[in-house]
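Colleague: Below is the structure I would like to discuss, written out as structure tokens.
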There are 2 protein chains.
Amino acid sequence: MVCLSVDVMGADSGVEELLKGILLFHSRCPECKFLIFGVESDLSLGLKNFSLSQNLFDVIYTPTYVRSQADVFSTLKAGEDTSMSCALRSVFSGQSQGAVSAGNTGVYLALSKSILKTLEGILRPAIVSQIPTCRGESIMLDLGGNLESSSKSLVQYALMGKVFCQKVLGVEFPSVGILNVGTELQKGKESLKEAYELLKNRKEINFYGYVEGDDISKGTVDVVVTDGFTGNIALKTGEGTMRMMSYMLNRVFQSSFYSRCVGFIARPFLQDFKAYFDPRVYNGALWLGVRGIAVKSHGGTDSIGFSHALETAYDMVRMNIVHEIQSTLLQHDFS
Amino acid sequence: MVCLSVDVMGADSGVEELLKGILLFHSRCPECKFLIFGVESDLSLGLKNFSLSQNLFDVIYTPTYVRSQADVFSTLKAGEDTSMSCALRSVFSGQSQGAVSAGNTGVYLALSKSILKTLEGILRPAIVSQIPTCRGESIMLDLGGNLESSSKSLVQYALMGKVFCQKVLGVEFPSVGILNVGTELQKGKESLKEAYELLKNRKEINFYGYVEGDDISKGTVDVVVTDGFTGNIALKTGEGTMRMMSYMLNRVFQSSFYSRCVGFIARPFLQDFKAYFDPRVYNGALWLGVRGIAVKSHGGTDSIGFSHALETAYDMVRMNIVHEIQSTLLQHDFS
């Protein structure tokens, strides 16, 4: 039986919305157990409206939690028992198989590294997630774990991304591209050019070469490799553009009485269209390269989005992704 | 009378498509003159299908042109008379007031700097363009001129962007934001933190602070300031996402006979929706910070898109944007 540790503190959407998300996922997957971590004052208030079976839900009150504005360095130095650190420690100790949090990203990543530790040989863990494309789905990493990435880190992202893509999207030999400002060899920063040279000689990678920003949504490659700064901007720019287009689509069908009538008839198709891009479905980014499952949910997501982040963690546990990544990395020399 | 120099070589879409674009813009703006630069073998072939009035169109054959794969350094070193360099030199000598090219971006920027020269005090010119948002339009720079930007360059982008926004979008005191991976002060690279400190103390800038990728399409600020690498990726990611969504919207209305019928009724609204995001309307990025108007069109655009790039150049000439930028920069100390 899979058990997940859930930190329900520090999200913009509030404790109650995340608890709703847990119940929503529970209704889809009744065999999963949950350890719920939070500060008593907030969590007990949130729990008032729910009746949770004691067999499947354990509530653990912690002295404090990580604020959304908290600084990574001072939080690590303080070393307090926060809902986030306790959730991660329960994964480390084997009480659960994966952690999910919608709290402070930087602190969560730093705590994951210090509590779960990085996999052998990994320079820096990366944040990975699936993204919608014209061809279905691709995966992209790093989405914000590290502001800058060396060429060796980019090669590790490529290899970890390959394994993740094989397991999650079922692509046998996924194509891998480096995100750049052009596809010509002379384009881009030095670290990208070095990574290009390293990757083109690796037979275990189906290396496509450079891809540009618009190749992400074209689905030109299965795995898009980039540094965390660029990846984060690209991810959020894409999400923002989707929201803008959904908003404008609503607007054209609200412009007159006739357009509202047409919009009413077209509603099922417009809903199908929007469902395809619903960012909540893609909620749940994984730290790839640490010794355990740690999934990050958007801080502002609702219960539906949070339930998808829990599902991601659940799937990762069942796919034994950490073991898969470690054994792949051990087969290859990164020195 | 405005006269534009047009380099019709080196575009993916071919000489004839760009010539069509010139005629299209000519039909909208019959008072504009054109100097058309190209290699005789290609250009004379393209011109066969058009009859151009000799009063408004001057054709200048050049010995060679800049290939799309050409390297910046070797092209500058060779110093050949290409259609691109001749077009820019005609702006420098005063034969025309602005240049437009759909050729190699890196070479075009480098030639613009070496032929037109940068404005006094400018560290590095930037590429600027308008982008669609939920609130109308914003402007973003640098979109690919410089892979990395110092904090001082970012401050100059902010000031140039402000003037551009005032002139082009008519916003009196535009808000300016720095593109980053979070809005908290401790987030991001050192150059961004330094630029933040420099900008928050400048009274002539309506400084908003940091913005994230999804703020671009929200229209959170009027001017988005970023380095050229990130700006290029964000711009293309946004454009790609728009194309993906247009494609998927077509697909949902093609899925069955009934959906095609509904799509037919909804067509005027779907067309309105797509027109709002048509990347061709936003074609035409300006080099901001050089002593002359140089506009870059997408290499793969069609005649409609190219006509919009010509319109951008025409508008920039009429708005006297170069003089406006220079006089604003001279009022402020950037040392």
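Quick note on naming: the chains in the structure tokens go A, B, ... in the order shown, residues restart at 1 in each chain, and ligands are numbered from 1 in order of appearance.
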Find the residues near Asn250 of chain B: any atom within 12 Å, counting only C-alpha atoms, skip ones fewer than 4 places away on the same chain, and give them as an mmCIF file with C-alpha atoms, in the first residue's frame.
Modeller:
data_model
loop_
_atom_site.group_PDB
_atom_site.id
_atom_site.type_symbol
_atom_site.label_atom_id
_atom_site.label_comp_id
_atom_site.auth_asym_id
_atom_site.auth_seq_id
_atom_site.Cartn_x
_atom_site.Cartn_y
_atom_site.Cartn_z
ATOM 1 C CA CYS A 134 0.414 19.581 -30.384
ATOM 2 C CA PHE A 269 -16.385 21.765 -27.797
ATOM 3 C CA LEU A 270 -15.008 24.847 -26.074
ATOM 4 C CA ASP A 272 -13.128 19.994 -24.504
ATOM 5 C CA PHE A 273 -10.635 22.506 -25.832
ATOM 6 C CA ARG B 243 -0.186 28.422 -32.485
ATOM 7 C CA MET B 244 -0.736 25.199 -30.543
ATOM 8 C CA MET B 245 -4.017 26.474 -29.120
ATOM 9 C CA SER B 246 -5.240 27.667 -32.529
ATOM 10 C CA GLN B 254 -13.232 19.008 -36.854
ATOM 11 C CA SER B 255 -13.819 15.976 -34.653
ATOM 12 C CA SER B 256 -17.276 15.027 -36.022
ATOM 13 C CA SER B 259 -18.734 19.684 -34.467
ATOM 14 C CA ARG B 260 -17.982 20.887 -38.016
ATOM 15 C CA VAL B 262 -21.137 24.105 -34.932
ATOM 16 C CA GLY B 263 -17.685 25.276 -36.036
ATOM 17 C CA PHE B 264 -19.215 26.725 -39.189
ATOM 18 C CA ALA B 266 -19.055 29.835 -34.713
ATOM 19 C CA ARG B 267 -16.539 30.666 -37.446
ATOM 20 C CA LEU B 270 -13.299 31.931 -33.898
ATOM 21 C CA GLN B 271 -11.782 34.091 -36.626
ATOM 22 C CA LYS B 274 -7.496 34.043 -33.906
#
Colleague: Considering only C-alpha atoms, give me a table of residues in chain A that are at most 7 Å from chain B, with the closest atom pair and distance in Å for each, as a tab-separated table.
Modeller:
residue	atom	partner	partner_atom	distance
A:Gln69	CA	B:Glu184	CA	6.9
A:Thr133	CA	B:Met244	CA	6.9
A:Cys134	CA	B:Met244	CA	5.7
A:Val181	CA	B:Asn232	CA	6.2
A:Glu184	CA	B:Gln69	CA	7.0
A:Glu212	CA	B:Ile233	CA	6.8
A:Gly213	CA	B:Thr237	CA	4.2
A:Asp214	CA	B:Gly240	CA	4.0
A:Asp215	CA	B:Gly240	CA	7.0
A:Ile216	CA	B:Thr237	CA	6.9
A:Ser217	CA	B:Thr241	CA	5.7
A:Lys218	CA	B:Met244	CA	6.8
A:Phe229	CA	B:Val181	CA	6.4
A:Thr230	CA	B:Thr230	CA	6.0
A:Asn232	CA	B:Val181	CA	6.2
A:Ile233	CA	B:Gly213	CA	4.8
A:Ala234	CA	B:Ala234	CA	5.5
A:Lys236	CA	B:Gly213	CA	4.6
A:Thr237	CA	B:Gly213	CA	4.2
A:Gly238	CA	B:Gly238	CA	5.6
A:Glu239	CA	B:Asp214	CA	6.4
A:Gly240	CA	B:Asp214	CA	4.0
A:Thr241	CA	B:Ser217	CA	5.7
A:Met242	CA	B:Thr241	CA	6.9
A:Met244	CA	B:Cys134	CA	5.7
A:Met248	CA	B:Phe273	CA	6.9
A:Leu249	CA	B:Phe273	CA	6.2
A:Val252	CA	B:Phe269	CA	6.0
A:Phe253	CA	B:Phe269	CA	6.8
A:Val262	CA	B:Ala266	CA	6.1
A:Ala266	CA	B:Val262	CA	6.1
A:Phe269	CA	B:Val252	CA	6.0
A:Phe273	CA	B:Leu249	CA	6.2
Colleague: Hey, what does DSSP flag as strand (DSSP E) within segment 128-283 of chain B? Can you give it to me as a ChimeraX atom specification?
Modeller: /B:128-133,136-141,175-179,206-211,223-225
Colleague: From a DSSP pass on the backbone, collect the residues of segment 58-280 of chain A flagged as alpha helix (DSSP H) and hand them back as a VMD selection string.
Modeller: chain A and resid 72 to 78 83 to 92 105 to 116 151 to 169 190 to 200 213 to 218 228 to 252 257 to 277
Colleague: Nearest residue to Ser93 of chain A out of A:Ser53, A:Ser5, A:Asn206, A:Ser74, using only C-alpha atoms?
Modeller: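 Of A:Ser53, A:Ser5, A:Asn206, A:Ser74, the one nearest Ser93 of chain A is A:Ser5, counting only C-alpha atoms.
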Colleague: Using only C-alpha atoms, find the one residue out of A:Ser44, A:Thr312, A:Ser138, A:Ser307 that sits nearest to Arg28 of chain A.
Modeller: A:Ser307
Colleague: Which polymer residues have any atom within 6 Å of an atom of segment 31-43 of chain A, counting only C-alpha atoms, with same-chain residues fewer than 5 positions away left out, as a PyMOL selection string?
Modeller: chain A and resi 2-9+56-62+64+83
Colleague: Output N, CA, C and O atoms for every residue in the selection just made, as a PDB file, in the first residue's frame.
Modeller:
ATOM      1  N   VAL A   2       0.505   2.196  -0.885  1.00  0.00           N
ATOM      2  CA  VAL A   2       1.281   3.440  -0.973  1.00  0.00           C
ATOM      3  C   VAL A   2       0.830   4.410   0.116  1.00  0.00           C
ATOM      4  O   VAL A   2      -0.365   4.550   0.383  1.00  0.00           O
ATOM      5  N   CYS A   3       1.789   5.040   0.774  1.00  0.00           N
ATOM      6  CA  CYS A   3       1.476   6.079   1.759  1.00  0.00           C
ATOM      7  C   CYS A   3       2.179   7.371   1.347  1.00  0.00           C
ATOM      8  O   CYS A   3       3.370   7.371   1.036  1.00  0.00           O
ATOM      9  N   LEU A   4       1.420   8.479   1.312  1.00  0.00           N
ATOM     10  CA  LEU A   4       1.994   9.780   0.940  1.00  0.00           C
ATOM     11  C   LEU A   4       1.983  10.741   2.126  1.00  0.00           C
ATOM     12  O   LEU A   4       0.992  10.794   2.871  1.00  0.00           O
ATOM     13  N   SER A   5       3.074  11.492   2.287  1.00  0.00           N
ATOM     14  CA  SER A   5       3.136  12.538   3.312  1.00  0.00           C
ATOM     15  C   SER A   5       2.751  13.857   2.674  1.00  0.00           C
ATOM     16  O   SER A   5       3.346  14.244   1.664  1.00  0.00           O
ATOM     17  N   VAL A   6       1.778  14.538   3.243  1.00  0.00           N
ATOM     18  CA  VAL A   6       1.290  15.767   2.623  1.00  0.00           C
ATOM     19  C   VAL A   6       1.461  16.946   3.574  1.00  0.00           C
ATOM     20  O   VAL A   6       0.935  16.944   4.691  1.00  0.00           O
ATOM     21  N   ASP A   7       2.201  17.942   3.110  1.00  0.00           N
ATOM     22  CA  ASP A   7       2.336  19.202   3.859  1.00  0.00           C
ATOM     23  C   ASP A   7       1.216  20.116   3.372  1.00  0.00           C
ATOM     24  O   ASP A   7       1.209  20.519   2.203  1.00  0.00           O
ATOM     25  N   VAL A   8       0.279  20.437   4.244  1.00  0.00           N
ATOM     26  CA  VAL A   8      -0.870  21.240   3.797  1.00  0.00           C
ATOM     27  C   VAL A   8      -0.726  22.729   4.145  1.00  0.00           C
ATOM     28  O   VAL A   8      -1.678  23.498   4.026  1.00  0.00           O
ATOM     29  N   MET A   9       0.504  23.135   4.541  1.00  0.00           N
ATOM     30  CA  MET A   9       0.708  24.531   4.957  1.00  0.00           C
ATOM     31  C   MET A   9       1.388  25.330   3.834  1.00  0.00           C
ATOM     32  O   MET A   9       1.989  24.770   2.923  1.00  0.00           O
ATOM     33  N   LEU A  56      -6.880   5.485   7.166  1.00  0.00           N
ATOM     34  CA  LEU A  56      -6.185   5.974   5.975  1.00  0.00           C
ATOM     35  C   LEU A  56      -5.545   7.354   6.157  1.00  0.00           C
ATOM     36  O   LEU A  56      -4.693   7.763   5.379  1.00  0.00           O
ATOM     37  N   PHE A  57      -5.968   8.083   7.181  1.00  0.00           N
ATOM     38  CA  PHE A  57      -5.463   9.444   7.364  1.00  0.00           C
ATOM     39  C   PHE A  57      -4.861   9.597   8.755  1.00  0.00           C
ATOM     40  O   PHE A  57      -5.550   9.427   9.756  1.00  0.00           O
ATOM     41  N   ASP A  58      -3.580   9.935   8.790  1.00  0.00           N
ATOM     42  CA  ASP A  58      -2.929  10.243  10.061  1.00  0.00           C
ATOM     43  C   ASP A  58      -2.610  11.723  10.074  1.00  0.00           C
ATOM     44  O   ASP A  58      -1.986  12.223   9.128  1.00  0.00           O
ATOM     45  N   VAL A  59      -3.043  12.424  11.115  1.00  0.00           N
ATOM     46  CA  VAL A  59      -2.762  13.859  11.194  1.00  0.00           C
ATOM     47  C   VAL A  59      -1.603  14.078  12.160  1.00  0.00           C
ATOM     48  O   VAL A  59      -1.618  13.584  13.291  1.00  0.00           O
ATOM     49  N   ILE A  60      -0.566  14.797  11.683  1.00  0.00           N
ATOM     50  CA  ILE A  60       0.602  15.054  12.532  1.00  0.00           C
ATOM     51  C   ILE A  60       0.781  16.558  12.668  1.00  0.00           C
ATOM     52  O   ILE A  60       1.039  17.254  11.670  1.00  0.00           O
ATOM     53  N   TYR A  61       0.613  17.052  13.913  1.00  0.00           N
ATOM     54  CA  TYR A  61       0.768  18.493  14.141  1.00  0.00           C
ATOM     55  C   TYR A  61       2.245  18.816  14.335  1.00  0.00           C
ATOM     56  O   TYR A  61       2.959  18.120  15.056  1.00  0.00           O
ATOM     57  N   THR A  62       2.693  19.886  13.668  1.00  0.00           N
ATOM     58  CA  THR A  62       4.099  20.298  13.784  1.00  0.00           C
ATOM     59  C   THR A  62       4.152  21.692  14.418  1.00  0.00           C
ATOM     60  O   THR A  62       3.180  22.459  14.312  1.00  0.00           O
ATOM     61  N   THR A  64       5.685  24.392  13.641  1.00  0.00           N
ATOM     62  CA  THR A  64       5.652  25.580  12.773  1.00  0.00           C
ATOM     63  C   THR A  64       5.601  25.149  11.301  1.00  0.00           C
ATOM     64  O   THR A  64       5.474  23.957  11.001  1.00  0.00           O
ATOM     65  N   SER A  83       6.165  21.737   8.983  1.00  0.00           N
ATOM     66  CA  SER A  83       5.323  20.702   8.358  1.00  0.00           C
ATOM     67  C   SER A  83       6.024  20.133   7.128  1.00  0.00           C
ATOM     68  O   SER A  83       5.915  18.942   6.829  1.00  0.00           O
TER      69      SER A  83
END
Colleague: Under the rule that only C-alpha atoms are counted, which of B:Leu288, B:Met140, B:Leu330, B:Ala275 is the nearest residue to Asp227 of chain B?
Modeller: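 Result for the nearest residue to Asp227 of chain B: B:Met140.
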Colleague: Could you pull the residues within 12 Å of Asp315 of chain B, counting only C-alpha atoms, minus those fewer than 6 positions along the same chain, as a PyMOL selection string?
Modeller: chain B and resi 2-4+29+32+97-98+164+167-169+284+286+293-295+308-309+321-322
Colleague: With N, CA and C atoms kept, could you save the residues just selected as a short mmCIF file (atom, residue, chain, number, x, y, z; two decimals), in the first residue's frame?
Modeller:
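To be explicit, this is the file written out as result.cif:
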data_model
loop_
_atom_site.label_atom_id
_atom_site.label_comp_id
_atom_site.auth_asym_id
_atom_site.auth_seq_id
_atom_site.Cartn_x
_atom_site.Cartn_y
_atom_site.Cartn_z
N VAL B 2 8.34 59.46 -46.65
CA VAL B 2 9.18 58.42 -46.01
C VAL B 2 9.71 57.46 -47.08
N CYS B 3 10.97 57.10 -46.96
CA CYS B 3 11.56 56.10 -47.87
C CYS B 3 12.16 54.97 -47.02
N LEU B 4 11.81 53.74 -47.36
CA LEU B 4 12.34 52.58 -46.61
C LEU B 4 13.25 51.73 -47.49
N CYS B 29 -0.41 52.19 -47.85
CA CYS B 29 0.32 53.43 -47.58
C CYS B 29 1.01 53.88 -48.87
N CYS B 32 4.56 55.95 -49.39
CA CYS B 32 5.89 55.49 -48.95
C CYS B 32 6.72 55.04 -50.16
N GLN B 97 15.02 56.43 -44.67
CA GLN B 97 14.93 56.71 -43.23
C GLN B 97 14.87 55.45 -42.36
N GLY B 98 14.74 54.28 -43.01
CA GLY B 98 14.66 53.07 -42.20
C GLY B 98 14.92 51.84 -43.05
N PHE B 164 9.73 54.00 -25.87
CA PHE B 164 9.08 53.25 -26.94
C PHE B 164 7.60 53.06 -26.63
N LYS B 167 5.58 56.27 -26.95
CA LYS B 167 5.33 56.68 -28.33
C LYS B 167 4.40 55.71 -29.05
N VAL B 168 4.65 54.41 -28.89
CA VAL B 168 3.95 53.42 -29.70
C VAL B 168 2.58 53.06 -29.11
N LEU B 169 2.53 52.87 -27.78
CA LEU B 169 1.25 52.50 -27.18
C LEU B 169 0.54 53.70 -26.55
N GLY B 284 7.76 42.31 -36.81
CA GLY B 284 8.53 43.55 -36.94
C GLY B 284 9.09 43.97 -35.61
N LEU B 286 12.14 45.93 -33.51
CA LEU B 286 13.01 47.08 -33.76
C LEU B 286 14.31 46.95 -32.97
N ILE B 293 16.61 53.64 -37.92
CA ILE B 293 15.54 52.64 -37.81
C ILE B 293 15.98 51.38 -38.53
N ALA B 294 16.04 50.27 -37.80
CA ALA B 294 16.32 48.97 -38.42
C ALA B 294 15.32 47.99 -37.83
N VAL B 295 14.46 47.47 -38.70
CA VAL B 295 13.39 46.56 -38.25
C VAL B 295 13.67 45.16 -38.78
N HIS B 308 3.45 44.03 -42.23
CA HIS B 308 3.39 44.60 -40.87
C HIS B 308 4.77 45.05 -40.39
N ALA B 309 5.81 44.32 -40.79
CA ALA B 309 7.17 44.75 -40.43
C ALA B 309 7.49 46.08 -41.10
N ILE B 321 11.47 57.97 -33.48
CA ILE B 321 11.77 57.25 -32.24
C ILE B 321 13.26 57.35 -31.85
N VAL B 322 14.13 57.39 -32.87
CA VAL B 322 15.57 57.44 -32.57
C VAL B 322 15.91 58.73 -31.82
#
